[in-house]
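A.B. asks: File target26.cif below, mmCIF, C-alpha atoms:
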```cif
data_work
#
loop_
_atom_site.label_atom_id
_atom_site.label_comp_id
_atom_site.auth_asym_id
_atom_site.auth_seq_id
_atom_site.Cartn_x
_atom_site.Cartn_y
_atom_site.Cartn_z
CA MET A 1 -13.56 -22.21 24.41
CA VAL A 2 -11.98 -25.49 23.38
CA GLY A 3 -11.70 -28.07 26.16
CA LYS A 4 -9.45 -31.04 26.73
CA GLU A 5 -12.15 -33.45 25.55
CA GLN A 6 -12.39 -31.62 22.24
CA ILE A 7 -8.61 -31.81 21.79
CA TYR A 8 -8.70 -35.57 22.42
CA ASN A 9 -11.51 -35.94 19.88
CA TRP A 10 -9.44 -34.15 17.28
CA LEU A 11 -6.39 -36.26 18.05
CA GLU A 12 -8.50 -39.33 17.25
CA GLU A 13 -8.00 -38.18 13.65
CA VAL A 14 -4.18 -38.32 13.91
CA SER A 15 -2.93 -41.76 12.97
CA ASP A 16 0.21 -43.69 13.76
CA PRO A 17 2.28 -43.30 10.57
CA GLU A 18 3.45 -46.92 10.70
CA ILE A 19 0.15 -48.51 11.70
CA PRO A 20 -2.33 -46.09 10.10
CA VAL A 21 -5.34 -48.00 11.45
CA LEU A 22 -4.48 -46.76 14.97
CA SER A 23 -4.91 -43.19 16.16
CA VAL A 24 -2.44 -41.68 18.60
CA ILE A 25 -5.23 -41.92 21.19
CA ASP A 26 -5.76 -45.66 20.52
CA LEU A 27 -2.03 -46.19 20.83
CA GLY A 28 -2.04 -44.55 24.25
CA VAL A 29 0.88 -42.22 23.58
CA VAL A 30 -1.06 -39.04 24.37
CA ARG A 31 -0.73 -38.54 28.11
CA ASP A 32 -2.20 -35.12 28.66
CA ALA A 33 -3.42 -31.91 27.09
CA GLN A 34 -3.49 -28.71 29.08
CA ILE A 35 -3.35 -24.98 28.63
CA ILE A 36 -0.23 -23.30 29.96
CA ASP A 37 0.07 -19.52 29.57
CA GLY A 38 -2.59 -19.53 26.87
CA GLU A 39 -0.90 -22.25 24.85
CA TRP A 40 -1.96 -25.89 24.49
CA LEU A 41 0.69 -28.31 25.71
CA ILE A 42 0.23 -31.89 24.48
CA THR A 43 2.31 -34.45 26.36
CA ILE A 44 3.21 -37.65 24.52
CA THR A 45 5.38 -40.62 25.47
CA PRO A 46 7.43 -42.77 23.06
CA THR A 47 6.56 -46.42 22.49
CA TYR A 48 10.17 -47.50 21.91
CA SER A 49 13.24 -45.33 22.56
CA GLY A 50 14.22 -45.26 18.91
CA CYS A 51 10.76 -45.25 17.37
CA PRO A 52 11.18 -43.12 14.23
CA ALA A 53 7.43 -42.43 14.13
CA MET A 54 7.49 -40.17 17.21
CA LYS A 55 8.75 -37.11 15.34
CA THR A 56 6.11 -37.59 12.64
CA MET A 57 3.38 -37.97 15.27
CA GLU A 58 4.52 -34.74 16.90
CA GLU A 59 4.31 -32.89 13.58
CA ASP A 60 0.97 -34.48 12.67
CA ILE A 61 -0.52 -33.49 16.03
CA LEU A 62 0.55 -29.86 15.57
CA SER A 63 -0.72 -29.71 12.01
CA LYS A 64 -4.07 -31.25 13.00
CA LEU A 65 -4.50 -28.67 15.75
CA LYS A 66 -3.61 -25.93 13.30
CA ASP A 67 -6.30 -27.24 10.90
CA LYS A 68 -8.76 -26.93 13.76
CA GLY A 69 -7.79 -23.33 14.37
CA ILE A 70 -5.33 -23.76 17.22
CA ASP A 71 -2.19 -21.94 16.21
CA SER A 72 -0.21 -21.94 19.39
CA ALA A 73 0.44 -25.44 20.66
CA LYS A 74 3.47 -27.39 21.76
CA VAL A 75 4.19 -31.09 21.98
CA GLU A 76 6.40 -32.35 24.77
CA LEU A 77 7.94 -35.80 24.91
CA VAL A 78 8.10 -37.36 28.38
CA LEU A 79 9.60 -40.72 29.31
CA ALA A 80 7.96 -41.41 32.66
CA PRO A 81 5.87 -43.31 33.30
CA ALA A 82 7.16 -45.54 30.54
CA TRP A 83 4.66 -46.51 27.86
CA SER A 84 3.42 -50.07 27.98
CA THR A 85 1.11 -52.02 25.70
CA ASP A 86 -1.49 -51.92 28.50
CA TRP A 87 -2.13 -48.37 27.36
CA LEU A 88 -3.48 -49.49 24.00
CA SER A 89 -7.21 -48.79 24.04
CA GLU A 90 -9.71 -51.64 23.75
CA ASN A 91 -10.86 -50.03 20.53
CA GLY A 92 -7.24 -50.03 19.34
CA ARG A 93 -6.92 -53.76 20.01
CA ILE A 94 -10.03 -54.47 17.92
CA LYS A 95 -8.75 -52.27 15.08
CA LEU A 96 -5.36 -54.02 15.12
CA HIS A 97 -7.01 -57.42 14.88
CA GLU A 98 -9.19 -56.34 11.98
CA TYR A 99 -6.15 -54.91 10.23
CA GLY A 100 -4.41 -58.32 10.45
CA ILE A 101 -1.99 -57.55 13.29
CA ALA A 102 -2.34 -59.72 16.39
CA PRO A 103 -2.85 -57.42 19.41
CA PRO A 104 -0.51 -57.83 22.41
CA GLU A 105 -1.23 -60.72 24.74
CA HIS A 106 -1.37 -59.57 28.34
CA GLU A 107 1.91 -61.07 29.41
CA VAL A 108 5.48 -60.30 28.47
CA ASP A 109 7.56 -62.94 26.80
CA LYS A 110 9.86 -62.52 29.76
CA SER A 111 11.62 -65.81 30.22
CA VAL A 112 15.12 -65.80 28.84
CA LEU A 113 16.52 -68.85 27.05
CA PHE A 114 14.41 -71.11 24.92
CA ALA A 115 11.22 -70.73 26.90
CA GLU A 116 8.14 -71.32 24.78
CA PRO A 117 7.18 -68.06 23.13
CA THR A 118 3.80 -66.55 23.96
CA ILE A 119 0.90 -68.19 22.12
CA VAL A 120 -0.50 -65.63 19.73
CA PRO A 121 -3.70 -66.65 17.91
CA CYS A 122 -3.74 -66.12 14.13
CA PRO A 123 -5.66 -62.93 13.27
CA LYS A 124 -6.81 -64.54 10.01
CA CYS A 125 -8.25 -67.92 11.08
CA GLY A 126 -8.12 -67.73 14.88
CA SER A 127 -5.98 -70.87 15.24
CA ARG A 128 -3.72 -71.08 18.29
CA ASN A 129 -1.40 -73.43 16.42
CA THR A 130 1.07 -70.73 15.44
CA ARG A 131 4.80 -70.16 15.69
CA MET A 132 7.11 -67.24 16.23
CA VAL A 133 9.36 -66.66 13.23
CA SER A 134 11.32 -63.79 14.74
CA GLN A 135 11.20 -61.77 17.94
CA PHE A 136 11.88 -58.67 15.82
CA GLY A 137 9.64 -57.53 12.99
CA SER A 138 8.99 -54.74 10.51
CA THR A 139 8.92 -52.09 13.25
CA ALA A 140 10.34 -51.97 16.79
CA CYS A 141 6.95 -52.79 18.31
CA LYS A 142 6.26 -55.96 16.34
CA ALA A 143 7.36 -59.61 16.17
CA LEU A 144 6.88 -61.91 13.21
CA TYR A 145 4.61 -64.95 13.47
CA GLN A 146 3.20 -67.56 11.13
CA CYS A 147 0.07 -69.68 11.41
CA ASN A 148 0.75 -73.42 11.12
CA ASP A 149 -2.82 -74.10 9.99
CA CYS A 150 -3.69 -71.47 7.37
CA GLN A 151 0.01 -70.57 6.73
CA GLU A 152 -0.71 -66.85 7.05
CA PRO A 153 2.42 -64.88 8.03
CA TYR A 154 1.47 -62.01 10.34
CA ASP A 155 2.74 -59.30 12.63
CA TYR A 156 2.30 -59.51 16.38
CA PHE A 157 2.21 -56.24 18.31
CA LYS A 158 4.45 -57.50 21.07
CA CYS A 159 3.74 -57.00 24.72
CA LEU A 160 5.92 -54.41 26.44
CA LYS A 161 5.66 -53.88 30.18
CA MET U 1 27.75 -27.10 35.25
CA LYS U 2 26.28 -28.05 38.62
CA ASN U 3 26.96 -31.76 38.45
CA GLU U 4 30.01 -32.72 36.43
CA ALA U 5 30.06 -36.30 37.71
CA LEU U 6 26.52 -36.86 36.42
CA PHE U 7 27.46 -35.38 33.04
CA ARG U 8 30.45 -37.70 32.77
CA TYR U 9 28.41 -40.72 33.81
CA LEU U 10 25.69 -39.94 31.27
CA LEU U 11 28.31 -39.66 28.51
CA ARG U 12 29.60 -43.14 29.37
CA LEU U 13 26.11 -44.60 29.32
CA GLY U 14 25.13 -42.74 26.15
CA ASP U 15 28.36 -43.49 24.26
CA ASP U 16 28.11 -47.23 24.97
CA SER U 17 24.62 -47.25 23.44
CA LEU U 18 25.48 -44.99 20.53
CA ILE U 19 28.61 -46.81 19.41
CA LEU U 20 27.11 -50.29 19.73
CA GLY U 21 24.03 -49.04 17.86
CA GLN U 22 26.29 -47.74 15.09
CA ARG U 23 28.16 -51.05 14.87
CA LEU U 24 24.90 -53.03 14.62
CA ALA U 25 23.61 -50.66 11.94
CA GLU U 26 26.54 -51.75 9.76
CA TRP U 27 24.74 -55.09 9.44
CA CYS U 28 21.84 -53.47 7.62
CA GLY U 29 21.41 -55.38 4.37
CA HIS U 30 24.16 -57.87 5.28
CA GLY U 31 22.48 -60.16 7.83
CA PRO U 32 22.88 -63.92 7.30
CA ILE U 33 19.10 -64.29 7.04
CA LEU U 34 16.38 -61.68 6.67
CA GLU U 35 15.02 -62.15 10.22
CA GLU U 36 18.45 -61.55 11.74
CA ASP U 37 19.10 -58.57 9.51
CA ILE U 38 15.88 -57.09 10.87
CA ALA U 39 16.65 -58.13 14.46
CA MET U 40 20.07 -56.48 14.50
CA THR U 41 18.82 -53.25 12.98
CA ASN U 42 15.86 -53.22 15.42
CA ILE U 43 18.28 -53.55 18.33
CA SER U 44 20.46 -50.87 16.75
CA LEU U 45 17.45 -48.57 16.62
CA ASP U 46 16.62 -49.19 20.29
CA LEU U 47 20.22 -48.45 21.30
CA ILE U 48 20.45 -45.27 19.23
CA GLY U 49 17.09 -44.17 20.66
CA GLN U 50 18.41 -44.77 24.17
CA ALA U 51 21.58 -42.85 23.30
CA MET U 52 19.47 -39.91 22.12
CA SER U 53 17.57 -39.72 25.42
CA ILE U 54 20.73 -40.09 27.48
CA LEU U 55 22.85 -37.61 25.50
CA ASP U 56 20.03 -35.07 25.33
CA TYR U 57 19.88 -35.25 29.11
CA ALA U 58 23.68 -35.02 29.35
CA GLY U 59 23.38 -31.79 27.36
CA VAL U 60 20.84 -30.42 29.84
CA VAL U 61 23.13 -31.27 32.76
CA GLU U 62 26.12 -29.71 31.00
CA GLU U 63 24.25 -26.40 30.50
CA LYS U 64 26.13 -25.45 27.35
CA GLY U 65 23.26 -25.86 24.92
CA ARG U 66 24.49 -29.11 23.35
CA ASP U 67 21.85 -31.69 22.40
CA CYS U 68 22.20 -35.36 21.44
CA ASP U 69 23.24 -34.50 17.88
CA LYS U 70 25.96 -32.11 18.98
CA LEU U 71 27.25 -34.51 21.62
CA GLY U 72 26.80 -37.65 19.55
CA LEU U 73 28.17 -36.45 16.24
CA LEU U 74 30.55 -33.59 16.89
CA ARG U 75 33.02 -34.64 19.54
CA PHE U 76 36.58 -35.72 18.85
CA GLU U 77 37.81 -39.26 19.34
CA LYS U 78 39.30 -38.78 22.80
CA GLU U 79 36.10 -37.17 24.06
CA TYR U 80 34.11 -40.38 23.57
CA VAL U 81 34.09 -42.55 26.69
CA ASN U 82 32.47 -45.82 25.57
CA VAL U 83 34.02 -49.14 26.61
CA LEU U 84 36.35 -50.72 24.05
CA LEU U 85 34.05 -53.73 23.74
CA VAL U 86 31.32 -51.89 21.85
CA GLU U 87 33.64 -50.40 19.23
CA GLN U 88 35.17 -53.75 18.24
CA PRO U 89 34.49 -54.65 14.60
CA ASN U 90 31.48 -56.79 13.76
CA GLY U 91 33.60 -59.74 12.59
CA ASP U 92 31.34 -62.64 11.69
CA PHE U 93 27.78 -63.14 12.95
CA GLY U 94 29.07 -65.02 16.02
CA ASP U 95 31.51 -62.25 16.96
CA THR U 96 28.69 -59.70 16.79
CA LEU U 97 26.39 -61.85 18.92
CA MET U 98 29.12 -62.52 21.51
CA ARG U 99 29.88 -58.80 21.80
CA GLN U 100 26.15 -58.17 22.15
CA PHE U 101 25.62 -60.88 24.74
CA LEU U 102 28.47 -59.71 27.00
CA PHE U 103 26.97 -56.22 26.82
CA ASP U 104 23.28 -57.14 27.24
CA ALA U 105 24.06 -59.34 30.26
CA PHE U 106 25.61 -56.23 31.85
CA ARG U 107 23.04 -53.67 30.75
CA LYS U 108 20.02 -55.50 32.13
CA PRO U 109 21.12 -55.58 35.82
CA LEU U 110 22.50 -52.05 35.43
CA TYR U 111 19.17 -50.64 34.23
CA GLU U 112 17.33 -52.65 36.90
CA ARG U 113 19.28 -50.63 39.46
CA LEU U 114 19.22 -47.27 37.70
CA VAL U 115 15.42 -47.43 37.78
CA ASN U 116 15.85 -46.58 41.48
CA SER U 117 18.07 -43.56 40.91
CA SER U 118 17.07 -40.48 42.87
CA ASP U 119 17.54 -38.57 39.61
CA LYS U 120 14.07 -38.70 38.04
CA GLN U 121 15.16 -38.36 34.41
CA LEU U 122 17.88 -41.01 34.69
CA ALA U 123 15.37 -43.35 36.36
CA ALA U 124 12.84 -42.69 33.58
CA ILE U 125 15.38 -43.45 30.84
CA ALA U 126 16.41 -46.65 32.63
CA ASP U 127 12.81 -47.78 33.03
CA LYS U 128 12.11 -47.22 29.35
CA SER U 129 15.34 -48.87 28.21
CA LEU U 130 15.08 -51.87 30.52
CA LYS U 131 11.96 -53.12 28.75
CA GLU U 132 13.86 -53.13 25.45
CA THR U 133 17.03 -54.62 26.91
CA ARG U 134 15.16 -57.71 28.13
CA TYR U 135 14.33 -58.55 24.52
CA HIS U 136 17.92 -57.92 23.44
CA LEU U 137 19.36 -60.26 26.08
CA LYS U 138 16.88 -62.98 25.19
CA HIS U 139 17.90 -62.73 21.54
CA SER U 140 21.66 -62.72 22.09
CA SER U 141 21.73 -65.49 24.72
CA GLU U 142 19.64 -67.83 22.60
CA TRP U 143 22.03 -67.37 19.69
CA ILE U 144 25.11 -68.02 21.86
CA ILE U 145 23.58 -71.31 22.98
CA ARG U 146 22.44 -72.25 19.48
CA LEU U 147 25.87 -71.58 17.97
CA GLY U 148 27.88 -73.10 20.83
CA ASP U 149 25.78 -76.23 21.10
CA GLY U 150 25.40 -76.46 17.31
CA THR U 151 27.71 -77.92 14.71
CA GLU U 152 31.45 -78.46 15.14
CA GLU U 153 32.04 -75.45 12.90
CA SER U 154 29.70 -73.10 14.79
CA HIS U 155 31.02 -74.33 18.15
CA THR U 156 34.64 -73.67 17.20
CA ARG U 157 33.87 -70.26 15.83
CA ILE U 158 31.77 -68.99 18.77
CA GLN U 159 34.44 -70.28 21.18
CA ASN U 160 36.93 -68.28 19.16
CA SER U 161 34.69 -65.18 19.43
CA LEU U 162 34.67 -65.56 23.20
CA ASP U 163 38.46 -66.05 23.31
CA ILE U 164 38.93 -62.77 21.45
CA LEU U 165 36.25 -60.64 23.15
CA TRP U 166 36.63 -61.83 26.75
CA ARG U 167 39.57 -59.46 27.37
CA TYR U 168 37.23 -56.51 26.68
CA SER U 169 34.55 -57.61 29.14
CA PHE U 170 36.36 -56.43 32.28
CA GLU U 171 36.02 -52.79 31.37
CA LEU U 172 32.23 -52.99 31.72
CA PHE U 173 32.88 -52.89 35.48
CA TYR U 174 35.25 -49.94 35.37
CA SER U 175 34.62 -47.70 38.32
CA ASP U 176 36.29 -44.48 39.43
CA GLU U 177 35.63 -41.19 41.24
CA VAL U 178 32.63 -40.48 38.99
CA GLU U 179 30.67 -43.45 40.34
CA ILE U 180 31.89 -42.91 43.89
CA GLU U 181 30.68 -39.33 43.91
CA LEU U 182 27.31 -40.16 42.38
CA THR U 183 26.80 -42.98 44.85
CA LYS U 184 27.71 -40.66 47.71
CA ASN U 185 25.18 -38.02 46.71
CA GLY U 186 22.50 -40.64 46.16
CA ILE U 187 22.10 -40.37 42.38
CA LEU U 188 23.43 -43.86 41.79
CA PRO U 189 21.96 -46.70 43.82
CA ASP U 190 24.31 -49.43 45.02
CA LEU U 191 25.72 -51.01 41.85
CA SER U 192 27.91 -53.58 43.56
CA GLY U 193 25.71 -56.60 42.81
CA ILE U 194 25.89 -56.17 39.04
CA ARG U 195 29.10 -58.07 38.53
CA SER U 196 27.95 -61.24 40.28
CA GLU U 197 24.65 -61.12 38.43
CA TRP U 198 26.50 -60.71 35.13
CA GLU U 199 28.79 -63.63 36.00
CA ALA U 200 25.82 -65.84 36.83
CA THR U 201 24.22 -65.04 33.47
CA VAL U 202 27.33 -65.61 31.37
CA ASN U 203 28.29 -68.78 33.24
CA SER U 204 24.85 -70.27 32.79
CA VAL U 205 24.67 -69.43 29.09
CA PHE U 206 28.22 -70.58 28.33
CA GLN U 207 27.57 -73.84 30.13
CA GLN U 208 24.52 -74.51 27.97
CA ALA U 209 26.48 -73.43 24.93
CA THR U 210 29.27 -75.85 25.92
CA ILE U 211 31.90 -73.15 25.56
CA VAL U 212 34.48 -72.15 28.16
CA ILE U 213 35.76 -68.84 29.49
CA PRO U 214 39.44 -68.40 28.60
CA SER U 215 41.79 -68.84 31.53
CA ASN U 216 43.89 -65.87 30.43
CA ASN U 217 42.61 -62.85 32.31
CA TRP U 218 44.58 -60.26 30.37
CA LYS U 219 42.35 -57.24 30.04
CA PHE U 220 42.07 -54.31 27.65
CA GLU U 221 40.83 -51.03 29.06
CA GLY U 222 41.00 -47.33 28.20
CA GLY U 223 37.74 -46.42 26.51
CA ARG U 224 36.30 -44.84 29.65
CA LEU U 225 39.27 -42.45 29.63
CA GLY U 226 39.04 -41.70 25.92
CA ARG U 227 41.82 -44.07 24.84
CA HIS U 228 40.35 -46.10 22.00
CA SER U 229 41.37 -48.99 19.78
CA GLU U 230 42.53 -48.38 16.21
CA HIS U 231 39.07 -49.30 14.89
CA PHE U 232 37.41 -46.31 16.49
CA GLY U 233 38.59 -43.57 14.14
CA HIS U 234 37.18 -45.46 11.17
CA LEU U 235 33.85 -45.88 12.94
CA LEU U 236 33.71 -42.17 13.76
CA SER U 237 34.51 -41.11 10.22
CA GLU U 238 31.37 -42.90 9.07
CA LEU U 239 29.24 -41.85 12.05
CA GLN U 240 30.19 -38.18 11.73
CA TYR U 241 30.44 -37.87 7.96
CA MET U 242 27.20 -35.96 7.31
CA GLN U 243 27.67 -33.44 10.12
CA ARG U 244 31.28 -32.81 9.16
CA ALA U 245 30.55 -32.49 5.44
CA TYR U 246 27.37 -30.45 5.86
CA PRO U 247 27.64 -28.76 9.28
CA ASN U 248 24.31 -28.23 11.08
CA SER U 249 22.36 -30.07 8.39
CA GLN U 250 19.02 -31.42 9.53
CA TRP U 251 16.65 -33.98 8.09
#
```
Output the file's structure in the form of structure tokens.
C.D. replies:
Amino acid sequence: MVGKEQIYNWLEEVSDPEIPVLSVIDLGVVRDAQIIDGEWLITITPTYSGCPAMKTMEEDILSKLKDKGIDSAKVELVLAPAWSTDWLSENGRIKLHEYGIAPPEHEVDKSVLFAEPTIVPCPKCGSRNTRMVSQFGSTACKALYQCNDCQEPYDYFKCLK
Amino acid sequence: MKNEALFRYLLRLGDDSLILGQRLAEWCGHGPILEEDIAMTNISLDLIGQAMSILDYAGVVEEKGRDCDKLGLLRFEKEYVNVLLVEQPNGDFGDTLMRQFLFDAFRKPLYERLVNSSDKQLAAIADKSLKETRYHLKHSSEWIIRLGDGTEESHTRIQNSLDILWRYSFELFYSDEVEIELTKNGILPDLSGIRSEWEATVNSVFQQATIVIPSNNWKFEGGRLGRHSEHFGHLLSELQYMQRAYPNSQW
């Protein structure tokens, strides 16, 4: 009999299609796995409303479970409680950093109007002398930064709360 | 349909997001600089994502088996109930940012209230969308200030954008029996404070941008009742093309 823990272990092998270094578990989008009427129901929550990766994650989760011999499973998308970057696992934060993406700082860049953007240390050289190039980056969840010391341009996984 | 007022309200909310998202998507590949091209398409994606959640839920409330694709892509012009503001053409970069700012400054306090809706799914959508909207408002207000308090050329042009778009801002606060009924049965929390909050935001930003609100309070309305401007048919022909040419196609 397969248990919830086993399911979670398998889902560690399903990666975020846009940030392949992260698994769906690291990302914190998997909220629950339970058996309902003999069928596994995996509940996931979207990172951003329009994140195009959600559909792919859903399909990848089902195909992974199929590989492991679970033929009847369903994935359900729920909105509440809303995903926040606090749900990224500690392991996920380390992986992001090693991959060259600065992990989310613990506070939202919440002030409107020319407030200083959050200081995001450079994932390459560790310098805090960095600048935000754009609040919006290559995917909905990232902002674009550049290091003033080593000149490395890098993605910042922006804080969402 | 058990709750027609809720269905109609969700269509308004969803159509505003969908149509503005479609307009912003037109900038893809045409932004003045790469970062802004990416910013506008990112915001477009957020809005279309929000529209999908809202219209999917509208379909559930309607109980006729329509989902966000059916509702979003297969209605006729008069069945769309977005405000006229969001369907206005992109114009130049300043026009787009002014349209966006007037909208974002309204959407943020609206979502802050809808989070407290007694309807769990509406509250969940609002909670999710609010986090994204904060980033949108930050982006659009900073650009209004930068352009207004910039060069003589940028100042003149963003003032002109405001002069043209201001007449469409009043419709954001359109209210009729739909809202009254939903407030009465507790689905909508008290929305009365939104207007003053919106005014405080726009006044503060325009002051820093050194631009002034036009004294002419002539207003254009009709979108909420399905009466659209002449631009809307052209927008729909592009938005609906694939579903009309290849009915029920999926990707």
A.B. asks: Find the distance between atom CA of Thr45 of chain A and atom CA of Pro189 of chain U and write it in Å to one decimal.
C.D. replies: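 Calculated distance between atom CA of Thr45 of chain A and atom CA of Pro189 of chain U is 25.5 Å.
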A.B. asks: Return the neighbours of chain U among the residues of chain A, cut-off 12 Å, counting all atoms listed in the file, as number ranges by chain.
C.D. replies: A: 45-55, 77-85, 108-115, 117, 132-145, 158-161
A.B. asks: Enumerate, as a ChimeraX atom specification, the residues matched when the PyMOL selection byres ((chain U and resi 157-160) around 12) is run on the file above.
C.D. replies: /U:91-99,101,143-156,161-166,206-207,209-214
A.B. asks: Which residues would end up in the selection if the PyMOL selection byres ((chain A and resi 61) around 12) were applied here, given that I need the answer as a PyMOL selection string?
C.D. replies: chain A and resi 7-17+23-25+29-30+33+40-44+54-60+62-68+70-71+73-76
A.B. asks: Can you tell me which residues surround His97 of chain A at a distance of at most 10 Å, considering only C-alpha atoms, apart from same-chain residues fewer than 5 positions away, and format the answer as a list of chain:residue names?
C.D. replies: A:Gly92, A:Ala102, A:Pro103, A:Pro104, A:Cys122, A:Pro123, A:Lys124, A:Tyr156, A:Phe157
A.B. asks: For a test of reading the model, state the distance in Å between atom CA of Glu199 of chain U and atom CA of Phe106 of chain U, rounded to one decimal.
C.D. replies: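 Going from atom CA of Glu199 of chain U over to atom CA of Phe106 of chain U, I get 9.1 Å.
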A.B. asks: I'd like the contact shell of Trp251 of chain U - 12 Å cut-off, only C-alpha atoms, skipping same-chain residues fewer than 3 positions apart - returned as a PyMOL selection string.
C.D. replies: (chain A and resi 55) or (chain U and resi 69+242-243+246+248)
A.B. asks: Those residues you just picked out, can you put them in a file as a PDB file, keeping the file's coordinate frame with C-alpha atoms?
C.D. replies:
```pdb
ATOM      1  CA  LYS A  55       8.750 -37.110  15.340  1.00  0.00           C
TER       2      LYS A  55
ATOM      3  CA  ASP U  69      23.240 -34.500  17.880  1.00  0.00           C
ATOM      4  CA  MET U 242      27.200 -35.960   7.310  1.00  0.00           C
ATOM      5  CA  GLN U 243      27.670 -33.440  10.120  1.00  0.00           C
ATOM      6  CA  TYR U 246      27.370 -30.450   5.860  1.00  0.00           C
ATOM      7  CA  ASN U 248      24.310 -28.230  11.080  1.00  0.00           C
TER       8      ASN U 248
END
```
A.B. asks: Tell me, in Å to one decimal, how far atom CA of Lys95 of chain A is from atom CA of Val21 of chain A.
C.D. replies: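 Atom-to-atom, atom CA of Lys95 of chain A to atom CA of Val21 of chain A, that is 6.6 Å.
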A.B. asks: Fewer than 3 positions away in the same chain doesn't count, so skip those; otherwise give me all residues within 12 Å of Leu188 of chain U, counting all atoms listed in the file, as a PDB file with C-alpha atoms, in the coordinates of the input.
C.D. replies:
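Contents of out-v6.pdb, as written:
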```
ATOM      1  CA  ALA U   5      30.060 -36.300  37.710  1.00  0.00           C
ATOM      2  CA  LEU U   6      26.520 -36.860  36.420  1.00  0.00           C
ATOM      3  CA  TYR U   9      28.410 -40.720  33.810  1.00  0.00           C
ATOM      4  CA  LEU U  10      25.690 -39.940  31.270  1.00  0.00           C
ATOM      5  CA  LEU U 110      22.500 -52.050  35.430  1.00  0.00           C
ATOM      6  CA  TYR U 111      19.170 -50.640  34.230  1.00  0.00           C
ATOM      7  CA  GLU U 112      17.330 -52.650  36.900  1.00  0.00           C
ATOM      8  CA  ARG U 113      19.280 -50.630  39.460  1.00  0.00           C
ATOM      9  CA  LEU U 114      19.220 -47.270  37.700  1.00  0.00           C
ATOM     10  CA  VAL U 115      15.420 -47.430  37.780  1.00  0.00           C
ATOM     11  CA  ASN U 116      15.850 -46.580  41.480  1.00  0.00           C
ATOM     12  CA  SER U 117      18.070 -43.560  40.910  1.00  0.00           C
ATOM     13  CA  SER U 118      17.070 -40.480  42.870  1.00  0.00           C
ATOM     14  CA  ASP U 119      17.540 -38.570  39.610  1.00  0.00           C
ATOM     15  CA  LYS U 120      14.070 -38.700  38.040  1.00  0.00           C
ATOM     16  CA  LEU U 122      17.880 -41.010  34.690  1.00  0.00           C
ATOM     17  CA  ALA U 123      15.370 -43.350  36.360  1.00  0.00           C
ATOM     18  CA  ALA U 126      16.410 -46.650  32.630  1.00  0.00           C
ATOM     19  CA  VAL U 178      32.630 -40.480  38.990  1.00  0.00           C
ATOM     20  CA  GLU U 179      30.670 -43.450  40.340  1.00  0.00           C
ATOM     21  CA  ILE U 180      31.890 -42.910  43.890  1.00  0.00           C
ATOM     22  CA  GLU U 181      30.680 -39.330  43.910  1.00  0.00           C
ATOM     23  CA  LEU U 182      27.310 -40.160  42.380  1.00  0.00           C
ATOM     24  CA  THR U 183      26.800 -42.980  44.850  1.00  0.00           C
ATOM     25  CA  LYS U 184      27.710 -40.660  47.710  1.00  0.00           C
ATOM     26  CA  ASN U 185      25.180 -38.020  46.710  1.00  0.00           C
ATOM     27  CA  LEU U 191      25.720 -51.010  41.850  1.00  0.00           C
ATOM     28  CA  SER U 192      27.910 -53.580  43.560  1.00  0.00           C
TER      29      SER U 192
END
```
A.B. asks: Just the residues within 8 Å of Met1 of chain U, please, counting only C-alpha atoms, with nothing from its chain fewer than 6 positions along; format it as a short mmCIF file (atom, residue, chain, number, x, y, z; two decimals) with C-alpha atoms, keeping the file's coordinate frame.
C.D. replies:
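That gives us part00.cif:
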```
data_model
loop_
_atom_site.label_atom_id
_atom_site.label_comp_id
_atom_site.auth_asym_id
_atom_site.auth_seq_id
_atom_site.Cartn_x
_atom_site.Cartn_y
_atom_site.Cartn_z
CA VAL U 61 23.13 -31.27 32.76
CA GLU U 62 26.12 -29.71 31.00
CA GLU U 63 24.25 -26.40 30.50
#
```
A.B. asks: Which protein, DNA or RNA residues are at most 9 Å from (30.6, -54.5, 30.7) in the file's coordinates when you count only C-alpha atoms, listed as a VMD selection string?
C.D. replies: chain U and resid 83 85 102 to 107 168 to 174 195 198
A.B. asks: Since we have the selection now, will you write its residues out, keeping C-alpha atoms, as a PDB file, in the frame of the given file?
C.D. replies:
```pdb
ATOM      1  CA  VAL U  83      34.020 -49.140  26.610  1.00  0.00           C
ATOM      2  CA  LEU U  85      34.050 -53.730  23.740  1.00  0.00           C
ATOM      3  CA  LEU U 102      28.470 -59.710  27.000  1.00  0.00           C
ATOM      4  CA  PHE U 103      26.970 -56.220  26.820  1.00  0.00           C
ATOM      5  CA  ASP U 104      23.280 -57.140  27.240  1.00  0.00           C
ATOM      6  CA  ALA U 105      24.060 -59.340  30.260  1.00  0.00           C
ATOM      7  CA  PHE U 106      25.610 -56.230  31.850  1.00  0.00           C
ATOM      8  CA  ARG U 107      23.040 -53.670  30.750  1.00  0.00           C
ATOM      9  CA  TYR U 168      37.230 -56.510  26.680  1.00  0.00           C
ATOM     10  CA  SER U 169      34.550 -57.610  29.140  1.00  0.00           C
ATOM     11  CA  PHE U 170      36.360 -56.430  32.280  1.00  0.00           C
ATOM     12  CA  GLU U 171      36.020 -52.790  31.370  1.00  0.00           C
ATOM     13  CA  LEU U 172      32.230 -52.990  31.720  1.00  0.00           C
ATOM     14  CA  PHE U 173      32.880 -52.890  35.480  1.00  0.00           C
ATOM     15  CA  TYR U 174      35.250 -49.940  35.370  1.00  0.00           C
ATOM     16  CA  ARG U 195      29.100 -58.070  38.530  1.00  0.00           C
ATOM     17  CA  TRP U 198      26.500 -60.710  35.130  1.00  0.00           C
TER      18      TRP U 198
END
```
A.B. asks: Select, from U:Gln88, U:Asn82, U:Asn203, U:Asn3, the residue with the minimum atom-to-atom distance to His231 of chain U, counting all atoms listed in the file.
C.D. replies: U:Gln88
